[in-house]
Structure formats: C-alpha cells, structure tokens
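Note sheet for the following structure.
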Amino acid sequence: AAVKSYAAVDLGASSGRVMVGRVGPDSLELTEAHRFVNRPVRVPEGLRWDILSLYGGVLDGLKAAGQVDSVGIDSWAVDYGLLDADGRLLGNPVHYRDSRTEGVAEKVWATVPAPELYAATGLQYAPFNTLYQLVADRLTGAGRLLLIPDLLTYWLTGEQGTELTNASTTQLIDPRTRGWSYEIASRLGIDLELFAPLRRPGDPAGLLRPEVLEETGLTGPVPVTAVGSHDTASAVAAVPASGERFAYICTGTWSLAGLELDAPVLTEESRAANFTNELGLDGTVRYLRNIMGLWLLQECVRAWGDPDLGELLLEAAKVPALRSVVDAGDAAFLAPGRMPERIAEACRASGQPVPVSPAEVTRCILDSLALAHRKAVEEAQRLADHPVDVVYVVGGGTRNALLCQLTADACGLPVVAGPTEAAALGNVLVQARAHELVADLAGGRDLLTRTQPLTRYEPQGDTVRWRAAQARLAGA
Ligand code: LFR
C-alpha cells in the first residue's frame with residue numbers, strides 16, 4: 001500500500017523544527033529535515049517573537065523536507081499577530097512572558113467575576129491567556145487576529161482561519177459547545193469579528209502559494225492541512241495509550257499534566273485548583289494543569305553559561321533527594337531572568353536548605369517538577385473522578401531519565417516515556433487521517449505503540465517522602 005509523506009512544522013518556545021513523517025498502514029517513520037532556534041527578542045517596549053525569522057525557518061525546513069503530500073503547523077498557544085484590513089502584519093507578536101498583562105486579569109474580573117469566567121470557558125487562570133492579552137493591547141487599527149500557527153499558514157497559503165484546539169486557549173471558547181463564547185466576548189467589549197472563521201483539525205487550510213513553491217523548490221499543488229495547531233493538542237494526540245485509565249505529562253519548556261476526558265470539568269473546586277479544559281481531537285477535552293517545566297532548568301543553564309547538560313544531570317542524580325523543593329506551579333517563575341537566585345530565594349523563604357551548586361539547584365528543580373507532576377496527576381483524578389493506572393510522559397523531557405524515574409516514584413505509578421517528538425507525530429497523524437491512512441485518534445495511537453520506541457519506569461520506594469514534601473510545600 002502507498003506510503004505518504006507529511007511535513008510537520010512544530011514550533012516550541014526555544015526551537016522550531018520541520019519533521020517529515022512517512023506513514024503507511026503499518027509504518028510511521030519520523031525524520032528531522034531542519035531545526036532552528038527560536039530566540040525571543042527584548043526590545044524597549046517588551047518581549048517579542050521574531051516571527052520573520054521563524055517563518056524563514058519554516059521555508060528553509062520545507063525546502064529541506066522536499067516533496068510532501070501535505071504540510072501541517074503547530075506551535076505554542078495563546079499568542080497572535082494582528083493584521084490590518086489589507087492583511088499586513090502590524091508589528092511583532094508579543095511573547096506570552098511579556099509583562100504587559102500584569103494586573104489585567106483583576107480588571108477583567110471586575111466585569112466578569114473569575115468564577116463566572118471559568119464556568120463559561122473552563123480555562124485556567126494564566127496571566128497570558130489571549131483574553132487578557134487582548135484587553136492589555138490597544139487594538140486600534142487591527143482588523144484581524146491570527147494565532148501563531150494560523151498566521152504562518154496564512155503566509156504560506158493566503159488563507160485565513162482560526163484552528164479550534166488553539167482557539168480554545170484564548171478563553172473565548174465554550175468547551176461544552178466547542179464554539180465562541182459570545183456572551184463573555186460582548187461583556188468585555190471584544191469583537192469576535194477579529195477572528196477568522198473556525199476550522200477543525202483535518203480541515204484543508206489552502207495550498208502553498210506560487211512564491212512559496214518557488215522558494216522551497218516544491219512542485220504544486222501542496223496542500224496545508226489544519227492539525228491540532230496547539231502543540232499540546234498534537235502532543236496528546238501522540239500519547240501511545242490504549243483505553244482510558246491513563247494520565248499524561250507533556251514535557252518541554254512546560255509540563256502539562258492531566259487527563260483526556262470526554263467532557264469539561266467546570267466546578268468551582270476545579271477552578272480553585274487551576275485546572276484547564278482545552279479542546280483536543282475527536283471531541284476530547286484536555287483537562288490539565290500548567291507546570292513551569294524544564295523552563296526552570298533552561299533558564300538556570302542559560303544563567304550558568306550553558307554547561308554540559310548530561311554531566312549536570314549525572315551530578316544532580318548524586319545529590320540527596322528532596323532536600324528542598326519549590327512550587328513548580330507558581331506563576332512567580334514565569335518571567336525570564338535570575339532563575340538560580342529566584343529558586344534559592346523560594347527555598348530560603350520556606351525555611352529549607354538553600355541549594356548552591358548547579359548540581360544542587362538542578363536536583364531541586366527535578367524533585368520539584370516530579371512533585372508538581374504528582375500533585376497534578378493526583379488532583380486531576382480526584383476532580384474529574386477518573387482514576388488512572390499509568391502515566392505517559394511525552395516530549396523533550398523523555399530524554400531526561402532522572403526526571404522520568406522521579407516522576408514514577410512521586411506518582412507511585414509506572415511511567416511510559418516516549419515519543420520525544422510527540423507534537424510532530426500528532427501533527428503528522430492528523431494529516432494522515434485527513435488522507436484516510438489512519439482511522440481515528442485510537443488508530444493513530446495504536447500505530448504509535450507498534451512503531452515508536454518507548455521506555456518504561458517502575459515506581460521505586462514508597463510515596464511517603466513525596467507526600468511529606470508535598471505537605472511541606474503546602475504549609476510554606
Ligand atoms: C506548551 C504550550 C502550553 C501553553 C503554553 C503557552 O508549548 O503551548 O500548552 O499553555 O505553551 O502558549
């Protein structure tokens with residue numbers, strides 16, 4: 001039977017990549033065509049994405065990928081470019097870690113109280129939700145808003161749309177109807193006409209423009225297919241699970257830890273625990289919590305002048321476990337800069353030993369992440385009344401064996417780690433499904449378990465000391 005090739009553009013907060021997935025009825029092979037850095041730039045007005053450089057990386061990647069049957073794009077969520085009435089970009093998209101949204105949520109809640117906002121949109125509180133960014137921005141002159149993957153798709157094809165899984169991170173979508181939340185938007189004076197029409201994963205998103213074909217050397221027509229354009233939607237689509245009794249943790253710059261459900265959980269208890277209900281493939285809901293993730297380590301490594309990560313992790317493994325932990329769910333760690341000092345300060349403030357050497361700080365970060373994973377997996381099961389037997393870890397963190405083992409230990413559950421390039425694989429699988437090579441979400445997952453290398457970590461020790469560490473943190 002025929003094998004098809006798909007280009008998956010996957011943009012993360014620190015790097016972008018163009019991968020080629022070759023899919024047949026019993027085969028799935030992923031290779032890297034091109035990888036490039038994503039370097040946010042601080043200018044006097046704030047922190048910005050270098051969107052032209054990213055688009056250049058996408059074009060280079062498509063050229064390196066060669067002839068493919070379709071292209072799909074996913075990236076981090078919530079951020080957007082604003083266009084004028086003629087479709088011209090009005091300035092560089094603002095980075096979600098920019099400080100302009102400080103204090104904005106409180107203003108929004110004065111009009112729509114936080115509990116009401118949660119009941120209507122199911123979205124966790126994060127200062128960077130698109131809704132708060134929109135209120136912070138002055139939208140004068142903007143005729144259109146395109147989320148990052150939709151903006152790049154527009155540049156590739158000339159067609160505008162708003163992909164649903166990513167739209168669900170704007171805080172303007174009702175997770176029950178899976179459509180716009182007109183009432184919330186109108187009460188906050190947000191014109192939903194700013195958004196291009198919704199499209200769903202698998203929908204066609206246009207053909208590469210002649211200029212793009214020329215620049216990449218591809219022969220048209222080459223269609224762009226809407227995928228789960230939120231990277232986390234794509235990554236969860238590539239969790240190699242069967243059945244329903246599983247939790248997942250998508251690891252990378254963030255750790256996104258939670259469950260796949262068939263309906264949102266919109267209770268007040270869930271809001272208080274800051275769980276989010278984002279939309280996934282096939283009518284699923286991603287019920288999860290954002291945890292600071294390997295961002296904490298990336299920022300420290302940057303501050304230390306980029307030492308060898310492998311050696312650092314070996315040293316960290318020798319440091320005694322759980323000496324000090326910080327709350328890796330705390331938005332206080334969101335902004336860039338001074339990370340080793342900020343972690344030391346948090347330990348001092350909670351009366352714990354202050355980690356000093358890079359190995360000690362690294363150990364503190366990994367213990368803290370594992371603990372936050374435990375807390376999220378445990379609370380999600382309780383709040384959604386959905387017990388699990390196994391935790392799937394996908395994404396960049398699967399390379400970090402210490403983190404995977406600590407997560408198994410902390411959760412008291414087996415961890416199955418892999419695939420590493422989950423977002424790209426989820427991206428590819430949705431394109432393959434649009435071409436009827438894969439039947440559905442379960443079919444794609446089945447193909448993954450048959451073709452991708454996975455590593456299993458059994459929980460070691462009992463969970464008593466993790467429970468104690470959790471209590472220590474809660475009491476701080
Ligand atoms: C992960 C991610 C998270 C989102 C954060 C900000 O890459 O997409 O899901 O909350 O980035 O967009």
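Naming scheme: A, B, ... for chains in displayed order of the structure tokens; residues 1 onward per chain; ligands 1 onward as shown.
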Write out as a list in words the residues lying within 9 Å of region 127-135 of chain A, counting only C-alpha atoms and excluding same-chain residues fewer than 5 positions away.
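After dropping sequence-adjacent residues, the list is Ala77, Val78, Asp79, Tyr80, Val94, His95, Tyr96, Arg97, Asp98, Arg100, Thr101, Glu102, Gly103, Val104, Ala105, Val108, Thr169, Thr170, Gln171, Leu172, Ala185, Leu188, Gly189, Ile190 and Ala331 of chain A.
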Could you please extract the residues within 7 Å of ligand 1, counting only C-alpha atoms and all ligand atoms, and hand them back as a PyMOL selection string?
chain A and resi 12-13+75-79+96+230-232+253-254+256+290
Name the residues in contact with Thr177 (chain A) at a cut-off of 12 Å, using only C-alpha atoms, excluding same-chain residues fewer than 3 positions from it; report them as a list of chain:residue names.
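In the requested format, the answer is A:Ala120, A:Thr121, A:Gly122, A:Leu164, A:Ser168, A:Leu172, A:Ile173, A:Asp174, A:Trp180, A:Ser181, A:Tyr182, A:Ala263, A:Pro264, A:Leu279, A:Gly283, A:Val285.
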Could you list, as a list of chain:residue names, every residue within 9 Å of Asp462 (chain A), counting only C-alpha atoms and ignoring same-chain residues fewer than 3 positions away?
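Residues near the query, excluding close chain neighbours: A:Asp409, A:Ala410, A:Gly412, A:Pro459, A:Arg465, A:Trp466.
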Just the residues within 6 Å of region 57-73 of chain A, please, counting only C-alpha atoms, with nothing from its chain fewer than 3 positions along; format it as a JSON list (two decimals) with N, CA and C atoms, in the first residue's frame.
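Result file part.json:
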```json
[["chain", "number", "residue", "atom", "x", "y", "z"],
["A", 5, "SER", "N", 3.95, 11.11, 2.60],
["A", 5, "SER", "CA", 4.89, 11.94, 3.37],
["A", 5, "SER", "C", 4.21, 13.23, 3.81],
["A", 6, "TYR", "N", 4.41, 13.56, 5.06],
["A", 6, "TYR", "CA", 3.83, 14.79, 5.60],
["A", 6, "TYR", "C", 4.91, 15.63, 6.27],
["A", 7, "ALA", "N", 4.88, 16.93, 6.02],
["A", 7, "ALA", "CA", 5.79, 17.82, 6.74],
["A", 7, "ALA", "C", 5.05, 18.34, 7.97],
["A", 8, "ALA", "N", 5.67, 18.17, 9.13],
["A", 8, "ALA", "CA", 5.11, 18.71, 10.37],
["A", 8, "ALA", "C", 6.01, 19.84, 10.84],
["A", 9, "VAL", "N", 5.46, 21.05, 10.81],
["A", 9, "VAL", "CA", 6.17, 22.20, 11.37],
["A", 9, "VAL", "C", 5.75, 22.30, 12.83],
["A", 18, "VAL", "N", 11.15, 21.31, 11.47],
["A", 18, "VAL", "CA", 10.31, 20.76, 10.41],
["A", 18, "VAL", "C", 10.68, 19.29, 10.31],
["A", 33, "ALA", "N", 14.00, 17.31, 9.20],
["A", 33, "ALA", "CA", 14.50, 17.97, 7.99],
["A", 33, "ALA", "C", 15.31, 19.21, 8.36],
["A", 34, "HIS", "N", 14.86, 19.91, 9.39],
["A", 34, "HIS", "CA", 15.52, 21.18, 9.73],
["A", 34, "HIS", "C", 15.13, 21.60, 11.15],
["A", 54, "LEU", "N", 11.23, 33.06, 12.31],
["A", 54, "LEU", "CA", 10.54, 31.76, 12.41],
["A", 54, "LEU", "C", 9.98, 31.34, 11.05],
["A", 149, "PRO", "N", 0.17, 29.71, 14.66],
["A", 149, "PRO", "CA", 0.18, 28.75, 13.54],
["A", 149, "PRO", "C", -0.72, 29.21, 12.39],
["A", 216, "THR", "N", 10.79, 27.21, -2.11],
["A", 216, "THR", "CA", 11.12, 25.94, -1.44],
["A", 216, "THR", "C", 11.48, 24.85, -2.45],
["A", 218, "LEU", "N", 9.40, 23.15, -4.18],
["A", 218, "LEU", "CA", 8.39, 22.09, -4.21],
["A", 218, "LEU", "C", 7.52, 22.25, -5.46],
["A", 222, "VAL", "N", 0.59, 21.71, -3.29],
["A", 222, "VAL", "CA", 0.89, 21.12, -1.98],
["A", 222, "VAL", "C", -0.10, 21.72, -0.97],
["A", 223, "PRO", "N", -1.01, 20.90, -0.45],
["A", 223, "PRO", "CA", -2.00, 21.42, 0.50],
["A", 223, "PRO", "C", -1.42, 21.61, 1.91],
["A", 224, "VAL", "N", -1.93, 22.61, 2.60],
["A", 224, "VAL", "CA", -1.68, 22.73, 4.04],
["A", 224, "VAL", "C", -2.93, 22.22, 4.73],
["A", 225, "THR", "N", -2.74, 21.36, 5.72],
["A", 225, "THR", "CA", -3.87, 20.77, 6.44],
["A", 225, "THR", "C", -3.88, 21.31, 7.86],
["A", 227, "VAL", "N", -4.04, 21.05, 11.61],
["A", 227, "VAL", "CA", -3.82, 19.95, 12.56],
["A", 227, "VAL", "C", -4.28, 20.43, 13.93],
["A", 229, "SER", "N", -3.41, 22.53, 16.10],
["A", 229, "SER", "CA", -2.32, 23.50, 15.90],
["A", 229, "SER", "C", -1.74, 23.98, 17.23]]
```
Just checking: using only C-alpha atoms, which residue out of A:Thr153, A:Pro25, A:Thr267, A:Cys250 ends up closest to Pro204 (chain A)?
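The shortest atom-to-atom distance to Pro204 (chain A) comes from A:Thr153.
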Provide the CA of Pro336 (chain A) to CA of Leu117 (chain A) distance in Å, to one decimal place.
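CA of Leu117 (chain A) lies at a distance of 28.4 Å from CA of Pro336 (chain A).
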Picked from region 165-332 of chain A by DSSP as helix (DSSP H, G or I), as number ranges by chain
A: 165-167, 182-187, 192-194, 210-216, 231-237, 268-272, 281-283, 295-303, 309-318, 331-332
Resulting file, chosen residues, C-alpha atoms, as a JSON list (two decimals), in the first residue's frame:
```
[["chain", "number", "residue", "atom", "x", "y", "z"],
["A", 165, "THR", "CA", -7.76, 23.47, 19.54],
["A", 166, "ASN", "CA", -5.63, 26.59, 19.72],
["A", 167, "ALA", "CA", -8.70, 28.86, 19.78],
["A", 182, "TYR", "CA", -20.41, 35.32, 22.52],
["A", 183, "GLU", "CA", -21.64, 36.50, 25.88],
["A", 184, "ILE", "CA", -18.19, 36.70, 27.50],
["A", 185, "ALA", "CA", -16.77, 38.49, 24.47],
["A", 186, "SER", "CA", -19.54, 41.06, 24.33],
["A", 187, "ARG", "CA", -19.40, 41.82, 28.06],
["A", 192, "LEU", "CA", -15.21, 38.31, 17.70],
["A", 193, "GLU", "CA", -15.10, 39.54, 14.09],
["A", 194, "LEU", "CA", -11.38, 39.97, 14.76],
["A", 210, "PRO", "CA", 3.30, 30.01, -6.07],
["A", 211, "GLU", "CA", 6.00, 32.18, -4.44],
["A", 212, "VAL", "CA", 6.36, 29.64, -1.62],
["A", 213, "LEU", "CA", 6.65, 26.78, -4.11],
["A", 214, "GLU", "CA", 9.32, 28.68, -5.96],
["A", 215, "GLU", "CA", 11.28, 29.48, -2.82],
["A", 216, "THR", "CA", 11.12, 25.94, -1.44],
["A", 231, "ASP", "CA", 1.36, 21.90, 20.22],
["A", 232, "THR", "CA", -0.13, 20.34, 23.35],
["A", 233, "ALA", "CA", -3.17, 19.13, 21.37],
["A", 234, "SER", "CA", -0.81, 17.49, 18.89],
["A", 235, "ALA", "CA", 1.37, 16.04, 21.65],
["A", 236, "VAL", "CA", -1.59, 14.48, 23.47],
["A", 237, "ALA", "CA", -2.80, 13.00, 20.18],
["A", 268, "GLU", "CA", -15.64, 25.75, 41.45],
["A", 269, "GLU", "CA", -13.27, 23.23, 43.06],
["A", 270, "SER", "CA", -11.62, 22.70, 39.69],
["A", 271, "ARG", "CA", -11.23, 26.43, 39.20],
["A", 272, "ALA", "CA", -9.67, 26.81, 42.64],
["A", 281, "LEU", "CA", -9.05, 15.90, 18.82],
["A", 282, "ASP", "CA", -12.22, 13.90, 18.25],
["A", 283, "GLY", "CA", -14.29, 15.82, 20.77],
["A", 295, "TRP", "CA", 11.91, 26.24, 31.68],
["A", 296, "LEU", "CA", 13.25, 26.40, 35.23],
["A", 297, "LEU", "CA", 16.30, 24.38, 34.21],
["A", 298, "GLN", "CA", 16.71, 26.07, 30.80],
["A", 299, "GLU", "CA", 16.84, 29.47, 32.49],
["A", 300, "CYS", "CA", 19.39, 28.26, 35.06],
["A", 301, "VAL", "CA", 21.56, 26.67, 32.37],
["A", 302, "ARG", "CA", 21.47, 29.96, 30.49],
["A", 303, "ALA", "CA", 22.49, 31.84, 33.64],
["A", 309, "LEU", "CA", 23.56, 19.19, 30.42],
["A", 310, "GLY", "CA", 24.41, 15.47, 30.51],
["A", 311, "GLU", "CA", 27.11, 15.99, 33.12],
["A", 312, "LEU", "CA", 24.92, 18.30, 35.14],
["A", 313, "LEU", "CA", 22.17, 15.64, 35.29],
["A", 314, "LEU", "CA", 24.69, 12.96, 36.36],
["A", 315, "GLU", "CA", 25.87, 15.21, 39.20],
["A", 316, "ALA", "CA", 22.27, 16.07, 40.14],
["A", 317, "ALA", "CA", 21.45, 12.34, 40.42],
["A", 318, "LYS", "CA", 24.07, 12.10, 43.22],
["A", 331, "ALA", "CA", 3.49, 31.80, 38.19],
["A", 332, "ALA", "CA", 6.24, 33.65, 40.07]]
```
